[in-house]
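The structure appears right after this line, and notes come after that.
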Amino acid sequence: MIISTASALWEDKEALGKFLDVVRRSERFTPLADSMAQSQVRPAKPSFYGVKSRDCAPCRSRRHEEIF
């Protein structure tokens, strides 16, 4: 989702910068945000990196069942 959003905001550098600032709030994603901020080329689609969407995948965790 981060890569897709960064790609969509690529032409609007101000919006992209604000988005990446929000991404940096999570330590786990700080290196990704820093890399995108320094890049001169638009990020590829997430599938290029081997990312597969889990939005439609069934979640079988007990916590998921408690929430929904």
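In the structure tokens, chains take the letters A, B, ... in the order shown, each chain's residues start at 1, and ligands count up from 1 in the order shown.
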
Find the residues around Pro43 (chain A) up to 9 Å (only C-alpha atoms counted), leave out those fewer than 4 positions away in its own chain, and share them as a list in words.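 The filter keeps Ile3, Ser4, Ala6, Ser7, Trp10, Met36 and Ser39 of chain A.
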
Would you work out the distance separating CA of Leu32 (chain A) from CA of Lys18 (chain A), expressed in Å to one decimal?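 Taking CA of Leu32 (chain A) as the start and CA of Lys18 (chain A) as the end point, the length is 14.4 Å.
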
Non-local contacts of Ile2 (chain A) (10 Å; only C-alpha atoms; under 5 positions in same chain excluded) as JSON, numbers by chain: {"A": [7, 8, 19, 20, 23, 29, 32, 33, 46]}
